[in-house]
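Visitor: Encoded as structure tokens, here's the structure I'll be asking about.
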Amino acid sequence: MQSDLRSFLAGAGARGLVSRPDGAVSLMEIPERMEAAGREGKIFLAEQVEGFEAPLVYNLLGSQELLALALGCGREDAIRRFIAAGENLIEPVLVENAPVQERVFLGDEADVSRLPLIVHSKKDAGRYISAGLVVAKDPDTGIQNVSFNRMQLKGARKLGIRMMPSNHLGMMQQKYEERNRPMQVAVVLGNHPCELIAASSSPRYGVDEFTLASGLRGEALEMTKCKTVDLAVPARAEIVIEGEVLPRVREAEGPFGDFMGYYVPVMENHVVRVTAVTMREGAIFQTMKAGSEEDSRLLGLSREAAVLKAVEAMGAKVRALSLSPMIFNCAISIEQRFEGEAKNVILAAMGAYPWLKVC
């Protein structure tokens with residue numbers, strides 16, 4: 001059986017890395033409970049959420065130990081494990097009778113508000129999906145793209161979605177909009193960490209992030225066709241929301257507490273019309289806090305890999321490298337070979353990673 005969120009939780013639980021509150025918790029108290037677990041470097045799993053059927057999980061990658069567990073490597077080997085996977089992409093395989101489609105809700109039954117979306121920050125505009133992997137397909141090449149995009153709950157079958165013109169999903173949507181066509185999307189929730197890492201990695205346009213997820217696993221990721229949109233999603237994910245981004249439609253979205261500790265202001269963003277919701281029996285809803293340790297590790301790993309490759313290309317002997325806990329700052333330890341080499345390493349790092357402010 002291919003590894004999935006449930007098997008990862010079992011492995012983390014066996015190591016004492018899962019925090020489970022006693023009894024039911026309300027949506028209002030979940031953010032504080034999440035932060036407490038995050039400070040301990042543990043996964044937060046609320047098995048009973050008041051008023052909702054689905055459990056809620058948070059902080060899958062909130063520590064170096066959890067990251068290493070997800071990648072099946074030592075704590076110091078995660079960056080090189082990522083580099084090796086990027087150099088050995090594997091095409092996913094399609095399967096039928098996927099667990100993520102054990103329950104199928106169509107039409108008015110596809111009610112996203114039944115899921116335990118939470119208000120993450122005090123001034124957020126409402127309840128948000130923050131850990132959903134948004135899958136879409138280029139209309140010219142048919143190649144899928146996978147990305148993280150925040151989504152505001154606007155109604156039972158309506159979501160606001162943030163996408164920027166410079167990002168791959170925004171570039172795809174522009175192609176559809178120029179043709180006055182809706183862009184089909186699938187929002188995948190409750191993923192194994194390998195899929196999360198791949199979706200946050202930002203490879204070049206035209207690379208399907210699920211091929212990187214397969215590379216990280218060392219085997220082809222099992223995928224299945226959606227019910228109402230022409231897309232493929234991980235077969236052992238927990239929940240999939242199917243729908244379409246409407247062309248030439250914008251609505252106010254935000255504010256939202258973003259990863260640098262500031263609120264993104266209200267802006268006009270795109271709208272998703274939900275066409276179906278599929279899920280596993282006993283599906284687990286996954287959430288993520290912008291700016292958390294987990295968020296920084298997800299954003300940081302692929303960028304650490306870029307910096308490491310650039311620094312080693314100039315011959316430096318790197319002992320350790322980290323962009324944690326804030327991805328604008330980098331610490332590099334080298335075995336210095338000559339006076340002034342550290343300056344060269346810093347220049348190489350700055351050139352490889354445009355967001356870098358301090359090294």
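Identifiers in this document derive from the order of the structure tokens: chains are assigned A, B, ..., residues are numbered from 1 separately in each chain, and ligands are numbered from 1 in order of occurrence.
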Find the residues around A:Met279 up to 7 Å (only C-alpha atoms counted), leave out those fewer than 5 positions away in its own chain, and share them as a PDB file with C-alpha atoms, in the first residue's frame.
Guide:
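To be explicit, this is the file written out as out_0.pdb:
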```
ATOM      1  CA  VAL A 100     -10.187   9.551  -2.204  1.00  0.00           C
ATOM      2  CA  GLN A 101     -13.416   8.778  -4.076  1.00  0.00           C
ATOM      3  CA  GLU A 102     -14.983   6.473  -1.510  1.00  0.00           C
ATOM      4  CA  ARG A 103     -17.550   9.223  -0.911  1.00  0.00           C
ATOM      5  CA  VAL A 104     -18.742  11.464  -3.758  1.00  0.00           C
ATOM      6  CA  GLU A 238      -8.131  12.673   1.993  1.00  0.00           C
ATOM      7  CA  ILE A 239     -10.380  15.237   0.254  1.00  0.00           C
ATOM      8  CA  VAL A 240     -10.684  16.721  -3.254  1.00  0.00           C
TER       9      VAL A 240
END
```
Visitor: Write out as number ranges by chain all residues of stretch 64-246 of chain A that backbone DSSP assigns to helix (DSSP H, G or I).
Guide: A: 64-71, 78-86, 99-101, 107-109, 112-114, 168-178, 193-199, 209-217
Visitor: Write the residues of the selection above to a file with N, CA and C atoms, as a short mmCIF file (atom, residue, chain, number, x, y, z; two decimals), in the first residue's frame.
Guide:
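Result saved to selection.cif:
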```
data_model
loop_
_atom_site.label_atom_id
_atom_site.label_comp_id
_atom_site.auth_asym_id
_atom_site.auth_seq_id
_atom_site.Cartn_x
_atom_site.Cartn_y
_atom_site.Cartn_z
N GLN A 64 12.61 19.66 11.87
CA GLN A 64 13.55 18.95 10.99
C GLN A 64 13.36 17.45 11.13
N GLU A 65 12.97 17.00 12.31
CA GLU A 65 12.73 15.57 12.51
C GLU A 65 11.55 15.08 11.68
N LEU A 66 10.48 15.86 11.63
CA LEU A 66 9.32 15.49 10.82
C LEU A 66 9.66 15.54 9.33
N LEU A 67 10.44 16.53 8.91
CA LEU A 67 10.85 16.60 7.51
C LEU A 67 11.67 15.38 7.11
N ALA A 68 12.61 15.00 7.96
CA ALA A 68 13.43 13.82 7.68
C ALA A 68 12.58 12.55 7.63
N LEU A 69 11.61 12.44 8.54
CA LEU A 69 10.71 11.29 8.54
C LEU A 69 9.92 11.22 7.23
N ALA A 70 9.45 12.38 6.76
CA ALA A 70 8.67 12.42 5.52
C ALA A 70 9.49 11.97 4.32
N LEU A 71 10.77 12.35 4.30
CA LEU A 71 11.63 12.04 3.15
C LEU A 71 12.38 10.73 3.31
N ALA A 78 18.20 16.16 4.20
CA ALA A 78 16.97 16.53 3.49
C ALA A 78 17.26 17.31 2.20
N ILE A 79 18.20 18.25 2.25
CA ILE A 79 18.47 19.07 1.06
C ILE A 79 18.99 18.19 -0.08
N ARG A 80 19.93 17.32 0.23
CA ARG A 80 20.48 16.46 -0.83
C ARG A 80 19.44 15.45 -1.31
N ARG A 81 18.56 15.04 -0.42
CA ARG A 81 17.47 14.14 -0.84
C ARG A 81 16.57 14.86 -1.84
N PHE A 82 16.29 16.13 -1.60
CA PHE A 82 15.47 16.92 -2.52
C PHE A 82 16.18 17.10 -3.87
N ILE A 83 17.46 17.41 -3.85
CA ILE A 83 18.22 17.60 -5.09
C ILE A 83 18.19 16.32 -5.92
N ALA A 84 18.41 15.17 -5.27
CA ALA A 84 18.41 13.89 -6.00
C ALA A 84 17.05 13.62 -6.64
N ALA A 85 15.96 13.94 -5.93
CA ALA A 85 14.63 13.72 -6.49
C ALA A 85 14.38 14.62 -7.69
N GLY A 86 14.86 15.87 -7.61
CA GLY A 86 14.69 16.79 -8.74
C GLY A 86 15.44 16.36 -9.98
N PRO A 99 -9.13 5.49 -3.03
CA PRO A 99 -9.71 5.78 -1.72
C PRO A 99 -10.30 7.19 -1.62
N VAL A 100 -9.70 8.18 -2.32
CA VAL A 100 -10.19 9.55 -2.20
C VAL A 100 -11.57 9.73 -2.82
N GLN A 101 -12.07 8.72 -3.50
CA GLN A 101 -13.42 8.78 -4.08
C GLN A 101 -14.36 7.77 -3.45
N GLY A 107 -23.41 18.33 -7.14
CA GLY A 107 -24.46 19.34 -7.09
C GLY A 107 -24.50 20.03 -5.75
N ASP A 108 -25.71 20.23 -5.22
CA ASP A 108 -25.87 20.94 -3.95
C ASP A 108 -25.28 20.19 -2.77
N GLU A 109 -25.01 18.89 -2.95
CA GLU A 109 -24.39 18.10 -1.88
C GLU A 109 -22.90 18.41 -1.74
N VAL A 112 -18.81 22.79 0.63
CA VAL A 112 -17.48 22.95 1.21
C VAL A 112 -17.56 23.46 2.65
N SER A 113 -18.63 24.15 3.00
CA SER A 113 -18.74 24.71 4.35
C SER A 113 -18.85 23.63 5.42
N ARG A 114 -19.11 22.39 5.02
CA ARG A 114 -19.17 21.28 5.98
C ARG A 114 -17.79 20.87 6.47
N HIS A 168 2.65 30.41 -11.90
CA HIS A 168 2.27 29.49 -12.98
C HIS A 168 0.76 29.33 -13.10
N LEU A 169 0.06 29.23 -11.96
CA LEU A 169 -1.39 29.08 -12.04
C LEU A 169 -2.02 30.33 -12.65
N GLY A 170 -1.53 31.50 -12.27
CA GLY A 170 -2.04 32.74 -12.85
C GLY A 170 -1.77 32.83 -14.34
N MET A 171 -0.61 32.34 -14.77
CA MET A 171 -0.28 32.33 -16.20
C MET A 171 -1.24 31.42 -16.96
N MET A 172 -1.55 30.28 -16.38
CA MET A 172 -2.50 29.36 -17.01
C MET A 172 -3.88 29.98 -17.09
N GLN A 173 -4.32 30.57 -15.98
CA GLN A 173 -5.66 31.15 -15.95
C GLN A 173 -5.81 32.25 -16.99
N GLN A 174 -4.74 33.02 -17.22
CA GLN A 174 -4.79 34.07 -18.23
C GLN A 174 -5.05 33.50 -19.61
N LYS A 175 -4.48 32.33 -19.90
CA LYS A 175 -4.73 31.68 -21.19
C LYS A 175 -6.20 31.33 -21.35
N TYR A 176 -6.77 30.79 -20.28
CA TYR A 176 -8.20 30.44 -20.33
C TYR A 176 -9.05 31.69 -20.47
N GLU A 177 -8.70 32.73 -19.73
CA GLU A 177 -9.51 33.95 -19.75
C GLU A 177 -9.47 34.63 -21.12
N GLU A 178 -8.33 34.59 -21.78
CA GLU A 178 -8.23 35.16 -23.12
C GLU A 178 -9.16 34.44 -24.10
N PRO A 193 3.35 14.39 3.01
CA PRO A 193 4.27 15.53 2.90
C PRO A 193 5.05 15.61 1.59
N CYS A 194 5.31 14.50 0.92
CA CYS A 194 6.05 14.57 -0.35
C CYS A 194 5.30 15.42 -1.38
N GLU A 195 3.98 15.32 -1.40
CA GLU A 195 3.20 16.13 -2.33
C GLU A 195 3.23 17.61 -1.92
N LEU A 196 3.22 17.88 -0.61
CA LEU A 196 3.30 19.25 -0.13
C LEU A 196 4.64 19.88 -0.51
N ILE A 197 5.72 19.14 -0.32
CA ILE A 197 7.05 19.65 -0.65
C ILE A 197 7.15 19.94 -2.14
N ALA A 198 6.65 19.03 -2.96
CA ALA A 198 6.72 19.23 -4.41
C ALA A 198 5.93 20.45 -4.85
N ALA A 199 4.74 20.65 -4.27
CA ALA A 199 3.89 21.76 -4.68
C ALA A 199 4.48 23.11 -4.30
N GLU A 209 4.47 19.11 -10.92
CA GLU A 209 5.03 18.91 -9.58
C GLU A 209 4.80 17.51 -9.05
N PHE A 210 3.79 16.80 -9.57
CA PHE A 210 3.58 15.43 -9.11
C PHE A 210 4.68 14.49 -9.59
N THR A 211 5.41 14.85 -10.66
CA THR A 211 6.58 14.04 -11.05
C THR A 211 7.70 14.20 -10.02
N LEU A 212 7.80 15.38 -9.42
CA LEU A 212 8.77 15.59 -8.34
C LEU A 212 8.32 14.85 -7.08
N ALA A 213 7.02 14.87 -6.79
CA ALA A 213 6.51 14.12 -5.64
C ALA A 213 6.85 12.63 -5.79
N SER A 214 6.72 12.11 -7.00
CA SER A 214 7.09 10.72 -7.25
C SER A 214 8.58 10.51 -7.02
N GLY A 215 9.40 11.47 -7.49
CA GLY A 215 10.84 11.38 -7.28
C GLY A 215 11.20 11.37 -5.81
N LEU A 216 10.52 12.20 -5.02
CA LEU A 216 10.77 12.23 -3.58
C LEU A 216 10.39 10.91 -2.92
N ARG A 217 9.36 10.28 -3.44
CA ARG A 217 8.93 8.98 -2.91
C ARG A 217 9.84 7.85 -3.37
#
```
Visitor: Go through stretch 44-118 of chain A and flag each residue having an atom no more than 6 Å from stretch 220-229 of chain A; for those, report the closest pair of atoms plus their distance in Å to one decimal, using only C-alpha atoms, ordered by chain and rising number, as JSON lines.
Guide:
```
{"residue": "A:Ile90", "atom": "CA", "partner": "A:Ala220", "partner_atom": "CA", "distance": 5.9}
{"residue": "A:Glu91", "atom": "CA", "partner": "A:Ala220", "partner_atom": "CA", "distance": 6.0}
{"residue": "A:Pro92", "atom": "CA", "partner": "A:Ala220", "partner_atom": "CA", "distance": 4.6}
{"residue": "A:Val93", "atom": "CA", "partner": "A:Glu222", "partner_atom": "CA", "distance": 5.2}
{"residue": "A:Leu94", "atom": "CA", "partner": "A:Met223", "partner_atom": "CA", "distance": 4.7}
{"residue": "A:Val95", "atom": "CA", "partner": "A:Thr224", "partner_atom": "CA", "distance": 5.4}
```
Visitor: Which of these, A:Leu321, A:Arg273, A:Met183, A:Ala306, has the shortest distance to A:Gly351 once you count only C-alpha atoms?
Guide: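 Result for the nearest residue to A:Gly351: A:Ala306.
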Visitor: For A:Arg127, which of A:Glu242, A:Asp295, A:Glu304, A:Glu253 is the closest residue, counting only C-alpha atoms?
Guide: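 Result for the nearest residue to A:Arg127: A:Glu253.
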Visitor: Sorted by chain and rising residue number, list the residues of stretch 181-268 of chain A at most 12 Å from stretch 139-153 of chain A (counting only C-alpha atoms), each with its closest atom pair and distance in Å to one decimal, as a tab-separated table.
Guide:
```
residue	atom	partner	partner_atom	distance
A:Arg181	CA	A:Pro139	CA	10.0
A:Pro182	CA	A:Pro139	CA	10.7
A:Met183	CA	A:Pro139	CA	8.7
A:Gln184	CA	A:Pro139	CA	10.1
A:Val185	CA	A:Val146	CA	9.9
A:Ala186	CA	A:Val146	CA	9.5
A:Val187	CA	A:Phe148	CA	9.2
A:Val188	CA	A:Val146	CA	9.6
A:Leu189	CA	A:Phe148	CA	10.7
A:Glu195	CA	A:Val146	CA	9.2
A:Leu196	CA	A:Phe148	CA	8.6
A:Ile197	CA	A:Ser147	CA	10.2
A:Ala198	CA	A:Val146	CA	8.2
A:Ala199	CA	A:Ser147	CA	5.0
A:Ser200	CA	A:Ser147	CA	6.5
A:Ser201	CA	A:Ser147	CA	8.7
A:Ser202	CA	A:Ser147	CA	8.1
A:Pro203	CA	A:Asn145	CA	9.9
A:Arg204	CA	A:Asn145	CA	10.4
A:Tyr205	CA	A:Asn145	CA	8.3
A:Gly206	CA	A:Ile143	CA	6.5
A:Val207	CA	A:Asn145	CA	7.3
A:Asp208	CA	A:Asn145	CA	5.3
A:Glu209	CA	A:Val146	CA	5.7
A:Phe210	CA	A:Val146	CA	7.4
A:Thr211	CA	A:Gln144	CA	10.1
A:Leu212	CA	A:Val146	CA	10.7
A:Ala213	CA	A:Val146	CA	10.5
A:Asp230	CA	A:Gly142	CA	10.0
A:Leu231	CA	A:Gln144	CA	7.8
A:Ala232	CA	A:Gln144	CA	8.4
A:Val233	CA	A:Val146	CA	9.9
A:Pro234	CA	A:Val146	CA	11.4
A:Ile241	CA	A:Met151	CA	11.5
A:Val245	CA	A:Met151	CA	11.7
A:Glu251	CA	A:Gln152	CA	10.9
A:Ala252	CA	A:Gln152	CA	10.2
A:Glu253	CA	A:Gln152	CA	7.1
A:Gly254	CA	A:Gln152	CA	7.8
A:Pro255	CA	A:Gln152	CA	10.0
A:Phe256	CA	A:Arg150	CA	9.0
A:Gly257	CA	A:Arg150	CA	10.8
A:Asp258	CA	A:Arg150	CA	9.8
A:Phe259	CA	A:Arg150	CA	11.6
A:Val264	CA	A:Arg150	CA	11.4
A:Val266	CA	A:Gln152	CA	11.8
```
Visitor: Under the rule that only C-alpha atoms are counted, which of A:Gly62, A:Gly132, A:Gly155, A:Gly74 is the nearest residue to A:Asp111?
Guide: A:Gly155
Visitor: Which residue is closest to A:Arg6? Choose from A:Leu301, A:Ala349, A:Met34, A:Leu45 and count only C-alpha atoms.
Guide: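 When distances to A:Arg6 are compared using only C-alpha atoms, the smallest one comes from A:Leu45.
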Visitor: Restricting the calculation to only C-alpha atoms, which member of A:Arg179, A:Lys42, A:His270, A:Lys123 is positioned closest to A:Leu9?
Guide: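 For A:Leu9, the nearest of the given residues is A:Lys42.
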Visitor: Determine the nearest neighbour of A:Leu60 from the options A:Ala125, A:Leu89, A:Leu298, A:Ala305, counting only C-alpha atoms.
Guide: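 Counting only C-alpha atoms, the residue closest to A:Leu60 is A:Leu298.
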Visitor: Which parts of stretch 49-163 of chain A does DSSP call strand (DSSP E or B) when run on the backbone here, written out as a PyMOL selection string?
Guide: chain A and resi 49+56-58+93-94+103-106+118+128-129+133-137+144-148+151-155+158-161
Visitor: Quick one: residues within 7 Å of stretch 315-319 of chain A, only C-alpha atoms, excluding same-chain residues fewer than 4 positions away - as a list of chain:residue names?
Guide: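 Using only C-alpha atoms, the neighbours found are A:Val311, A:Ser333, A:Ile334, A:Glu335.
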Visitor: At what distance in Å, to one decimal, does atom CA of A:Val119 lie from atom CA of A:Ser292?
Guide: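 Computed distance, atom CA of A:Ser292 to atom CA of A:Val119, equals 15.0 Å.
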Visitor: What is the atom CA of A:Leu56-atom CA of A:Gly13 distance in Å, reported with one decimal?
Guide: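 Computing it gives 15.3 Å between the two atoms.
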Visitor: So what do you get for atom CA of A:Glu32 versus atom CA of A:Asn59, distance-wise?
Guide: 13.0 Å
Visitor: Show which residues sit within 10 Å of A:Pro354, as a list of chain:residue names. Count only C-alpha atoms, and ignore same-chain residues fewer than 4 positions away.
Guide: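 The residues satisfying every condition are A:Arg303, A:Phe328, A:Ala349, A:Met350.
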Visitor: Could those residues be written to a file, using all heavy atoms, as a short mmCIF file (atom, residue, chain, number, x, y, z; two decimals), in the first residue's frame?
Guide:
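Written file, again_39.cif:
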```cif
data_model
loop_
_atom_site.label_atom_id
_atom_site.label_comp_id
_atom_site.auth_asym_id
_atom_site.auth_seq_id
_atom_site.Cartn_x
_atom_site.Cartn_y
_atom_site.Cartn_z
N ARG A 303 14.62 26.13 -2.01
CA ARG A 303 15.52 27.28 -2.11
C ARG A 303 16.86 26.97 -1.44
O ARG A 303 17.91 27.44 -1.90
CB ARG A 303 14.82 28.50 -1.51
CG ARG A 303 13.64 28.92 -2.38
CD ARG A 303 12.57 29.71 -1.65
NE ARG A 303 11.50 30.10 -2.57
CZ ARG A 303 10.45 29.35 -2.87
NH1 ARG A 303 10.31 28.16 -2.30
NH2 ARG A 303 9.53 29.77 -3.72
N PHE A 328 14.12 34.49 4.40
CA PHE A 328 14.90 35.60 3.84
C PHE A 328 16.33 35.61 4.40
O PHE A 328 17.15 36.40 3.97
CB PHE A 328 14.23 36.94 4.15
CG PHE A 328 12.86 37.07 3.56
CD1 PHE A 328 11.76 37.34 4.37
CD2 PHE A 328 12.65 36.90 2.20
CE1 PHE A 328 10.49 37.45 3.83
CE2 PHE A 328 11.39 37.00 1.66
CZ PHE A 328 10.31 37.28 2.47
N ALA A 349 25.44 32.63 -2.97
CA ALA A 349 24.11 32.39 -2.39
C ALA A 349 23.14 33.49 -2.79
O ALA A 349 21.99 33.22 -3.18
CB ALA A 349 24.23 32.31 -0.87
N MET A 350 23.59 34.75 -2.71
CA MET A 350 22.73 35.87 -3.09
C MET A 350 22.32 35.78 -4.56
O MET A 350 21.19 36.09 -4.93
CB MET A 350 23.45 37.19 -2.83
CG MET A 350 23.68 37.50 -1.37
SD MET A 350 22.19 38.07 -0.53
CE MET A 350 22.86 38.61 1.04
#
```
Visitor: Contacts of A:Gly16 at 10 Å or less, counting only C-alpha atoms, minus same-chain residues fewer than 4 places along, as an MDAnalysis selection string?
Guide: chainID A and resid 10:12 42:43
